[in-house]
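A quick write-up on the structure given underneath.
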Amino acid sequence: MITINNETIATIPTLHVVKVDLQDNKIPTIFFLHGYTSAKEHNLHVAYLLAEKGFRVFLPDALHHGERETTLKGNKRDFSFWEIVLTSIKELDEMKTILTQREIVDENRIGVIGTSMGAITMYGALTAYDWIKTAVSFMGTAYYETFAKAQLLMIEEKGIQLEPNAKEKVLNQIRPYDLSAQLDKLAGRPLLIWHGKEDQVVPYPFSEKLYHELVASYEHEPEHLQFLAEDKTAHKVTRQAVLRSVEWFEGHLLTSKVSS
C-alpha cells in the first residue's frame with residue numbers, strides 16, 4: 001500500500017509519498033519539482049510509480065504555486081520566474097537537512113527530478129549540492145543566462161518596460177547556478193535528459209546541446225548519461241519518459257552502490 005501525506009517541511013507544503021511498510025525506514029529518496037503554473041499534486045502519478053519501487057518521494061509546492069499561490073500572477077509572476085527557481089534551490093537543501101535529521105532519508109541515495117521549471121531548478125541545484133546523487137530533467141535547460149535573456153526579451157515584447165538594473169540584477173543572481181558555465185560540477189553524476197523535439201516553451205535544442213557538451217566528460221562511464229528525444233512531442237511529458245525515469249532511478253539510485 002502507498003501512503004500520501006500532505007506535510008509542511010521547512011514551511012513548504014509538500015506531498016510525501018511512500019510505501020506504508022517503509023515509511024519509518026531510512027530509504028532512497030527522490031524530490032520531484034513541478035513546472036511553472038503547476039503544483040505538487042500534478043505529478044502524483046510519477047511519485048506513485050517511484051514509491052512502488054521502494055523510493056520515498058517528496059513533492060514540494062514552489063513559491064507562488066499550489067498552496068503558496070498568491071495574487072502574483074500573469075506578467076508579474078513571469079518576471080518572478082527566477083526568484084521562484086532560486087527560492088526552490090535554497091528550499092531543497094533546507095528540506096533535505098530536516099528530513100535527514102528525521103532519519104528517514106538515506107543521505108547517500110538522494111535524487112532530484114523536475115519538469116520544465118522544476119528541471120531548470122534541478123540543474124541549478126546540481127551546481128550547489130553534491131548530495132544529489134542522480135538527476136532527471138524533463139524538458140528543462142541548464143543554460144540559465146541564455147534562457148533568462150530570451151525570457152526578458154519576450155516580456156519586453158509584450159510592451160512591458162523593464163528597468164535595466166532589474167534585468168542585470170536577475171542575471172547576476174542566477175549566474176552562480178548556471179550549470180552550463182560550470183559543467184565540471186556534475187562530476188560524473190548520473191543524468192537523464194528527456195525532451196520533446198517540438199517543445200516551444202523550453203526549446204529542445206537546449207537539451208541536445210547540453211548532451212553533446214557532456215558526452216566527453218562521461219566517456220569512462222557512458223551509462224551515467226542518457227539523452228532521450230521524442231518526435232512530434234511538444235511541452236508535455238510522455239508516458240515513455242515517465243517510465244524511463246523510474247527505470248533510471250532504479251538503476252542508479254536503488255540497486256546500485258552509491259558512494260558518499
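If you're wondering about the labels, chains in the C-alpha cells are A, B, ... by order shown, residues count from 1 in each chain, ligands from 1 in order shown.
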Using only C-alpha atoms, which residues of range 174-255 of chain A come within 9 Å of range 35-50 of chain A, and what is the closest atom pair for each, with the distance in Å to one decimal? Give it as a tab-separated table, sorted by chain and residue number.
residue	atom	partner	partner_atom	distance
A:Val242	CA	A:Val46	CA	6.5
A:Leu243	CA	A:Leu49	CA	8.3
A:Ser245	CA	A:Val46	CA	8.9
A:Val246	CA	A:Leu50	CA	6.0
A:Phe249	CA	A:Leu50	CA	8.2
A:Glu250	CA	A:Leu50	CA	8.6
Selection export as an mmCIF file, in the first residue's frame, atoms kept: N, CA and C atoms:
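Saved to result.cif:
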data_model
loop_
_atom_site.group_PDB
_atom_site.id
_atom_site.type_symbol
_atom_site.label_atom_id
_atom_site.label_comp_id
_atom_site.auth_asym_id
_atom_site.auth_seq_id
_atom_site.Cartn_x
_atom_site.Cartn_y
_atom_site.Cartn_z
ATOM 1 N N VAL A 242 8.153 9.063 -18.468
ATOM 2 C CA VAL A 242 7.902 8.740 -17.060
ATOM 3 C C VAL A 242 8.459 7.365 -16.716
ATOM 4 N N LEU A 243 8.137 6.375 -17.536
ATOM 5 C CA LEU A 243 8.593 5.016 -17.266
ATOM 6 C C LEU A 243 10.112 4.908 -17.316
ATOM 7 N N SER A 245 12.187 7.304 -16.585
ATOM 8 C CA SER A 245 12.740 7.955 -15.393
ATOM 9 C C SER A 245 12.707 7.015 -14.194
ATOM 10 N N VAL A 246 11.643 6.230 -14.086
ATOM 11 C CA VAL A 246 11.554 5.260 -12.991
ATOM 12 C C VAL A 246 12.666 4.220 -13.124
ATOM 13 N N PHE A 249 16.088 5.771 -12.057
ATOM 14 C CA PHE A 249 16.325 5.836 -10.619
ATOM 15 C C PHE A 249 16.530 4.442 -10.030
ATOM 16 N N GLU A 250 15.833 3.453 -10.573
ATOM 17 C CA GLU A 250 16.056 2.077 -10.120
ATOM 18 C C GLU A 250 17.514 1.668 -10.329
#
Those of range 77-198 of chain A in DSSP helix (DSSP H, G or I), formatted as JSON, numbers by chain: {"A": [77, 78, 79, 81, 82, 83, 84, 85, 86, 87, 88, 89, 90, 91, 92, 93, 94, 95, 96, 97, 98, 99, 100, 101, 117, 118, 119, 120, 121, 122, 123, 124, 125, 126, 127, 128, 144, 145, 146, 147, 148, 149, 150, 151, 152, 153, 154, 155, 156, 157, 164, 165, 166, 167, 168, 169, 170, 171, 172, 173, 174, 175, 176, 177, 179, 180, 181, 183, 184, 185, 186]}
So which residues of range 56-241 of chain A fall under strand (DSSP E or B) by DSSP, listed as an mmCIF file with all heavy atoms, in the first residue's frame?
data_model
loop_
_atom_site.group_PDB
_atom_site.id
_atom_site.type_symbol
_atom_site.label_atom_id
_atom_site.label_comp_id
_atom_site.auth_asym_id
_atom_site.auth_seq_id
_atom_site.Cartn_x
_atom_site.Cartn_y
_atom_site.Cartn_z
ATOM 1 N N ARG A 56 11.205 6.832 -1.378
ATOM 2 C CA ARG A 56 10.432 7.843 -0.676
ATOM 3 C C ARG A 56 10.446 9.074 -1.586
ATOM 4 O O ARG A 56 11.512 9.486 -2.064
ATOM 5 C CB ARG A 56 11.087 8.173 0.673
ATOM 6 C CG ARG A 56 10.274 9.131 1.549
ATOM 7 C CD ARG A 56 11.047 9.474 2.827
ATOM 8 N NE ARG A 56 11.440 8.300 3.603
ATOM 9 C CZ ARG A 56 10.628 7.631 4.409
ATOM 10 N NH1 ARG A 56 9.369 8.031 4.562
ATOM 11 N NH2 ARG A 56 11.065 6.589 5.084
ATOM 12 N N VAL A 57 9.286 9.664 -1.822
ATOM 13 C CA VAL A 57 9.200 10.778 -2.767
ATOM 14 C C VAL A 57 8.575 11.998 -2.092
ATOM 15 O O VAL A 57 7.545 11.889 -1.422
ATOM 16 C CB VAL A 57 8.365 10.395 -4.012
ATOM 17 C CG1 VAL A 57 8.437 11.509 -5.057
ATOM 18 C CG2 VAL A 57 8.844 9.075 -4.609
ATOM 19 N N PHE A 58 9.213 13.154 -2.304
ATOM 20 C CA PHE A 58 8.679 14.413 -1.795
ATOM 21 C C PHE A 58 8.383 15.348 -2.965
ATOM 22 O O PHE A 58 9.227 15.540 -3.836
ATOM 23 C CB PHE A 58 9.673 15.078 -0.842
ATOM 24 C CG PHE A 58 9.877 14.327 0.439
ATOM 25 C CD1 PHE A 58 10.986 13.512 0.609
ATOM 26 C CD2 PHE A 58 8.944 14.416 1.470
ATOM 27 C CE1 PHE A 58 11.172 12.802 1.790
ATOM 28 C CE2 PHE A 58 9.123 13.709 2.654
ATOM 29 C CZ PHE A 58 10.236 12.905 2.813
ATOM 30 N N LEU A 59 7.170 15.920 -2.960
ATOM 31 C CA LEU A 59 6.765 16.849 -4.000
ATOM 32 C C LEU A 59 6.396 18.184 -3.354
ATOM 33 O O LEU A 59 5.286 18.347 -2.832
ATOM 34 C CB LEU A 59 5.558 16.305 -4.782
ATOM 35 C CG LEU A 59 5.696 14.920 -5.415
ATOM 36 C CD1 LEU A 59 5.153 13.851 -4.465
ATOM 37 C CD2 LEU A 59 4.953 14.845 -6.739
ATOM 38 N N PRO A 60 7.296 19.149 -3.346
ATOM 39 C CA PRO A 60 7.018 20.441 -2.712
ATOM 40 C C PRO A 60 6.318 21.407 -3.669
ATOM 41 O O PRO A 60 6.481 21.324 -4.885
ATOM 42 C CB PRO A 60 8.423 20.955 -2.362
ATOM 43 C CG PRO A 60 9.300 20.365 -3.425
ATOM 44 C CD PRO A 60 8.714 19.025 -3.763
ATOM 45 N N VAL A 105 15.736 9.442 5.508
ATOM 46 C CA VAL A 105 16.336 9.608 4.183
ATOM 47 C C VAL A 105 17.746 9.030 4.186
ATOM 48 O O VAL A 105 18.541 9.324 5.080
ATOM 49 C CB VAL A 105 16.399 11.107 3.804
ATOM 50 C CG1 VAL A 105 17.260 11.320 2.562
ATOM 51 C CG2 VAL A 105 14.998 11.654 3.572
ATOM 52 N N ASP A 106 18.042 8.199 3.203
ATOM 53 C CA ASP A 106 19.395 7.689 3.022
ATOM 54 C C ASP A 106 20.201 8.794 2.336
ATOM 55 O O ASP A 106 20.040 9.048 1.146
ATOM 56 C CB ASP A 106 19.369 6.428 2.159
ATOM 57 C CG ASP A 106 20.742 5.803 1.974
ATOM 58 O OD1 ASP A 106 21.753 6.489 2.245
ATOM 59 O OD2 ASP A 106 20.813 4.642 1.541
ATOM 60 N N GLU A 107 21.069 9.453 3.075
ATOM 61 C CA GLU A 107 21.812 10.605 2.556
ATOM 62 C C GLU A 107 22.658 10.281 1.339
ATOM 63 O O GLU A 107 22.951 11.153 0.523
ATOM 64 C CB GLU A 107 22.714 11.183 3.646
ATOM 65 C CG GLU A 107 21.993 11.947 4.721
ATOM 66 C CD GLU A 107 22.968 12.629 5.659
ATOM 67 O OE1 GLU A 107 23.405 13.755 5.347
ATOM 68 O OE2 GLU A 107 23.280 12.030 6.701
ATOM 69 N N ASN A 108 23.055 9.038 1.207
ATOM 70 C CA ASN A 108 23.912 8.645 0.088
ATOM 71 C C ASN A 108 23.128 8.233 -1.144
ATOM 72 O O ASN A 108 23.721 7.865 -2.166
ATOM 73 C CB ASN A 108 24.834 7.495 0.514
ATOM 74 C CG ASN A 108 25.807 7.931 1.588
ATOM 75 O OD1 ASN A 108 26.310 9.045 1.546
ATOM 76 N ND2 ASN A 108 26.046 7.060 2.558
ATOM 77 N N ARG A 109 21.806 8.272 -1.036
ATOM 78 C CA ARG A 109 20.973 7.897 -2.190
ATOM 79 C C ARG A 109 19.786 8.861 -2.306
ATOM 80 O O ARG A 109 18.641 8.507 -2.025
ATOM 81 C CB ARG A 109 20.506 6.443 -2.057
ATOM 82 C CG ARG A 109 21.648 5.448 -2.208
ATOM 83 C CD ARG A 109 21.166 4.029 -2.353
ATOM 84 N NE ARG A 109 20.634 3.497 -1.103
ATOM 85 C CZ ARG A 109 20.088 2.291 -0.988
ATOM 86 N NH1 ARG A 109 19.983 1.494 -2.048
ATOM 87 N NH2 ARG A 109 19.637 1.862 0.183
ATOM 88 N N ILE A 110 20.108 10.071 -2.759
ATOM 89 C CA ILE A 110 19.092 11.097 -2.969
ATOM 90 C C ILE A 110 19.112 11.538 -4.428
ATOM 91 O O ILE A 110 20.174 11.843 -4.981
ATOM 92 C CB ILE A 110 19.331 12.332 -2.069
ATOM 93 C CG1 ILE A 110 19.272 11.925 -0.590
ATOM 94 C CG2 ILE A 110 18.299 13.418 -2.360
ATOM 95 C CD1 ILE A 110 19.585 13.068 0.369
ATOM 96 N N GLY A 111 17.942 11.573 -5.042
ATOM 97 C CA GLY A 111 17.825 12.006 -6.425
ATOM 98 C C GLY A 111 16.862 13.171 -6.554
ATOM 99 O O GLY A 111 16.049 13.413 -5.662
ATOM 100 N N VAL A 112 16.973 13.892 -7.659
ATOM 101 C CA VAL A 112 16.067 15.001 -7.942
ATOM 102 C C VAL A 112 15.585 14.882 -9.378
ATOM 103 O O VAL A 112 16.377 14.623 -10.291
ATOM 104 C CB VAL A 112 16.741 16.377 -7.733
ATOM 105 C CG1 VAL A 112 15.761 17.506 -8.053
ATOM 106 C CG2 VAL A 112 17.260 16.515 -6.309
ATOM 107 N N ILE A 113 14.290 15.065 -9.568
ATOM 108 C CA ILE A 113 13.684 15.062 -10.896
ATOM 109 C C ILE A 113 12.810 16.306 -11.011
ATOM 110 O O ILE A 113 12.188 16.723 -10.037
ATOM 111 C CB ILE A 113 12.848 13.774 -11.131
ATOM 112 C CG1 ILE A 113 12.181 13.792 -12.513
ATOM 113 C CG2 ILE A 113 11.828 13.561 -10.032
ATOM 114 C CD1 ILE A 113 11.493 12.471 -12.853
ATOM 115 N N GLY A 114 12.795 16.901 -12.183
ATOM 116 C CA GLY A 114 11.993 18.100 -12.360
ATOM 117 C C GLY A 114 11.388 18.183 -13.738
ATOM 118 O O GLY A 114 11.916 17.637 -14.713
ATOM 119 N N THR A 115 10.258 18.878 -13.818
ATOM 120 C CA THR A 115 9.571 19.118 -15.085
ATOM 121 C C THR A 115 9.624 20.600 -15.406
ATOM 122 O O THR A 115 9.192 21.426 -14.608
ATOM 123 C CB THR A 115 8.094 18.673 -14.993
ATOM 124 O OG1 THR A 115 8.044 17.271 -14.723
ATOM 125 C CG2 THR A 115 7.358 18.963 -16.279
ATOM 126 N N THR A 134 21.891 11.569 -8.289
ATOM 127 C CA THR A 134 21.462 11.352 -9.672
ATOM 128 C C THR A 134 20.270 12.252 -9.946
ATOM 129 O O THR A 134 19.572 12.679 -9.019
ATOM 130 C CB THR A 134 21.102 9.875 -9.927
ATOM 131 O OG1 THR A 134 20.825 9.692 -11.318
ATOM 132 C CG2 THR A 134 19.894 9.448 -9.127
ATOM 133 N N ALA A 135 20.061 12.568 -11.225
ATOM 134 C CA ALA A 135 19.031 13.540 -11.563
ATOM 135 C C ALA A 135 18.373 13.224 -12.902
ATOM 136 O O ALA A 135 18.969 12.567 -13.764
ATOM 137 C CB ALA A 135 19.633 14.942 -11.598
ATOM 138 N N VAL A 136 17.149 13.730 -13.044
ATOM 139 C CA VAL A 136 16.394 13.566 -14.294
ATOM 140 C C VAL A 136 15.799 14.910 -14.684
ATOM 141 O O VAL A 136 15.194 15.602 -13.850
ATOM 142 C CB VAL A 136 15.264 12.530 -14.146
ATOM 143 C CG1 VAL A 136 14.382 12.510 -15.402
ATOM 144 C CG2 VAL A 136 15.833 11.142 -13.880
ATOM 145 N N SER A 137 15.978 15.274 -15.936
ATOM 146 C CA SER A 137 15.400 16.511 -16.467
ATOM 147 C C SER A 137 14.321 16.185 -17.492
ATOM 148 O O SER A 137 14.587 15.536 -18.503
ATOM 149 C CB SER A 137 16.481 17.361 -17.135
ATOM 150 O OG SER A 137 15.889 18.410 -17.889
ATOM 151 N N PHE A 138 13.114 16.625 -17.221
ATOM 152 C CA PHE A 138 12.039 16.594 -18.209
ATOM 153 C C PHE A 138 11.930 18.001 -18.791
ATOM 154 O O PHE A 138 11.519 18.934 -18.116
ATOM 155 C CB PHE A 138 10.690 16.229 -17.559
ATOM 156 C CG PHE A 138 10.550 14.785 -17.177
ATOM 157 C CD1 PHE A 138 9.649 14.422 -16.167
ATOM 158 C CD2 PHE A 138 11.269 13.782 -17.793
ATOM 159 C CE1 PHE A 138 9.478 13.094 -15.806
ATOM 160 C CE2 PHE A 138 11.105 12.443 -17.428
ATOM 161 C CZ PHE A 138 10.213 12.105 -16.429
ATOM 162 N N LEU A 191 22.875 11.358 -15.055
ATOM 163 C CA LEU A 191 21.917 12.361 -15.505
ATOM 164 C C LEU A 191 21.142 11.845 -16.712
ATOM 165 O O LEU A 191 21.739 11.444 -17.718
ATOM 166 C CB LEU A 191 22.648 13.656 -15.883
ATOM 167 C CG LEU A 191 21.798 14.764 -16.530
ATOM 168 C CD1 LEU A 191 20.737 15.273 -15.565
ATOM 169 C CD2 LEU A 191 22.698 15.914 -17.000
ATOM 170 N N LEU A 192 19.826 11.853 -16.594
ATOM 171 C CA LEU A 192 18.941 11.505 -17.703
ATOM 172 C C LEU A 192 18.273 12.784 -18.192
ATOM 173 O O LEU A 192 17.662 13.520 -17.407
ATOM 174 C CB LEU A 192 17.872 10.499 -17.251
ATOM 175 C CG LEU A 192 16.737 10.215 -18.245
ATOM 176 C CD1 LEU A 192 17.269 9.542 -19.500
ATOM 177 C CD2 LEU A 192 15.656 9.351 -17.603
ATOM 178 N N ILE A 193 18.381 13.043 -19.490
ATOM 179 C CA ILE A 193 17.795 14.227 -20.105
ATOM 180 C C ILE A 193 16.718 13.787 -21.088
ATOM 181 O O ILE A 193 16.993 13.011 -22.011
ATOM 182 C CB ILE A 193 18.864 15.045 -20.856
ATOM 183 C CG1 ILE A 193 20.025 15.415 -19.933
ATOM 184 C CG2 ILE A 193 18.250 16.295 -21.484
ATOM 185 C CD1 ILE A 193 21.249 15.947 -20.678
ATOM 186 N N TRP A 194 15.495 14.267 -20.885
ATOM 187 C CA TRP A 194 14.404 13.957 -21.825
ATOM 188 C C TRP A 194 13.808 15.263 -22.348
ATOM 189 O O TRP A 194 13.624 16.222 -21.596
ATOM 190 C CB TRP A 194 13.297 13.142 -21.142
ATOM 191 C CG TRP A 194 12.137 12.896 -22.078
ATOM 192 C CD1 TRP A 194 11.996 11.839 -22.933
ATOM 193 C CD2 TRP A 194 11.002 13.739 -22.291
ATOM 194 N NE1 TRP A 194 10.836 11.981 -23.664
ATOM 195 C CE2 TRP A 194 10.209 13.141 -23.298
ATOM 196 C CE3 TRP A 194 10.584 14.954 -21.738
ATOM 197 C CZ2 TRP A 194 9.013 13.700 -23.748
ATOM 198 C CZ3 TRP A 194 9.409 15.525 -22.191
ATOM 199 C CH2 TRP A 194 8.625 14.896 -23.181
ATOM 200 N N HIS A 195 13.487 15.275 -23.650
ATOM 201 C CA HIS A 195 12.889 16.480 -24.231
ATOM 202 C C HIS A 195 12.118 16.126 -25.509
ATOM 203 O O HIS A 195 12.556 15.290 -26.298
ATOM 204 C CB HIS A 195 13.976 17.496 -24.582
ATOM 205 C CG HIS A 195 13.594 18.902 -24.297
ATOM 206 N ND1 HIS A 195 14.387 19.778 -23.590
ATOM 207 C CD2 HIS A 195 12.475 19.602 -24.626
ATOM 208 C CE1 HIS A 195 13.788 20.955 -23.496
ATOM 209 N NE2 HIS A 195 12.630 20.873 -24.122
ATOM 210 N N GLY A 196 10.973 16.772 -25.685
ATOM 211 C CA GLY A 196 10.203 16.633 -26.915
ATOM 212 C C GLY A 196 10.748 17.576 -27.972
ATOM 213 O O GLY A 196 11.036 18.741 -27.687
ATOM 214 N N LEU A 225 25.081 8.833 -18.434
ATOM 215 C CA LEU A 225 24.486 9.945 -19.183
ATOM 216 C C LEU A 225 23.605 9.394 -20.292
ATOM 217 O O LEU A 225 24.041 8.573 -21.090
ATOM 218 C CB LEU A 225 25.581 10.832 -19.789
ATOM 219 C CG LEU A 225 25.101 12.001 -20.654
ATOM 220 C CD1 LEU A 225 24.381 13.047 -19.804
ATOM 221 C CD2 LEU A 225 26.288 12.650 -21.392
ATOM 222 N N GLN A 226 22.350 9.850 -20.316
ATOM 223 C CA GLN A 226 21.454 9.417 -21.394
ATOM 224 C C GLN A 226 20.578 10.581 -21.844
ATOM 225 O O GLN A 226 20.102 11.376 -21.028
ATOM 226 C CB GLN A 226 20.567 8.253 -20.953
ATOM 227 C CG GLN A 226 19.733 7.695 -22.102
ATOM 228 C CD GLN A 226 19.051 6.376 -21.753
ATOM 229 O OE1 GLN A 226 19.009 5.978 -20.603
ATOM 230 N NE2 GLN A 226 18.511 5.706 -22.749
ATOM 231 N N PHE A 227 20.396 10.664 -23.144
ATOM 232 C CA PHE A 227 19.560 11.707 -23.736
ATOM 233 C C PHE A 227 18.454 11.036 -24.542
ATOM 234 O O PHE A 227 18.725 10.240 -25.428
ATOM 235 C CB PHE A 227 20.407 12.615 -24.632
ATOM 236 C CG PHE A 227 19.609 13.657 -25.369
ATOM 237 C CD1 PHE A 227 18.665 14.426 -24.712
ATOM 238 C CD2 PHE A 227 19.825 13.866 -26.722
ATOM 239 C CE1 PHE A 227 17.939 15.398 -25.400
ATOM 240 C CE2 PHE A 227 19.118 14.829 -27.413
ATOM 241 C CZ PHE A 227 18.167 15.595 -26.752
ATOM 242 N N LEU A 228 17.219 11.346 -24.194
ATOM 243 C CA LEU A 228 16.061 10.804 -24.912
ATOM 244 C C LEU A 228 15.294 11.944 -25.567
ATOM 245 O O LEU A 228 14.878 12.891 -24.888
ATOM 246 C CB LEU A 228 15.135 10.058 -23.947
ATOM 247 C CG LEU A 228 15.726 8.862 -23.204
ATOM 248 C CD1 LEU A 228 14.696 8.286 -22.239
ATOM 249 C CD2 LEU A 228 16.187 7.794 -24.185
ATOM 250 N N ALA A 229 15.132 11.864 -26.872
ATOM 251 C CA ALA A 229 14.375 12.871 -27.617
ATOM 252 C C ALA A 229 13.171 12.194 -28.254
ATOM 253 O O ALA A 229 13.281 11.090 -28.789
ATOM 254 C CB ALA A 229 15.257 13.494 -28.692
ATOM 255 N N GLU A 230 12.015 12.846 -28.177
ATOM 256 C CA GLU A 230 10.811 12.274 -28.776
ATOM 257 C C GLU A 230 10.286 13.154 -29.895
ATOM 258 O O GLU A 230 10.082 14.357 -29.724
ATOM 259 C CB GLU A 230 9.725 12.079 -27.705
ATOM 260 C CG GLU A 230 9.992 10.880 -26.815
ATOM 261 C CD GLU A 230 8.749 10.406 -26.062
ATOM 262 O OE1 GLU A 230 7.693 10.226 -26.703
ATOM 263 O OE2 GLU A 230 8.845 10.237 -24.842
#
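Shortest separation to Val237 in chain A among A:Gly140, A:Gly159, A:Pro222, A:Pro205 occurs at residue A:Gly140, atoms counted being only C-alpha atoms.
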Thr3 in chain A surroundings by only C-alpha atoms, 7 Å radius, close-in-sequence under 5 positions cut, as a PyMOL selection string: chain A and resi 17-20
From A:Leu183, A:Ala148, A:Leu162, A:Ala62, residue lying nearest Pro13 in chain A [only C-alpha atoms]: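 That would be A:Ala62, the residue with the smallest distance to Pro13 in chain A.
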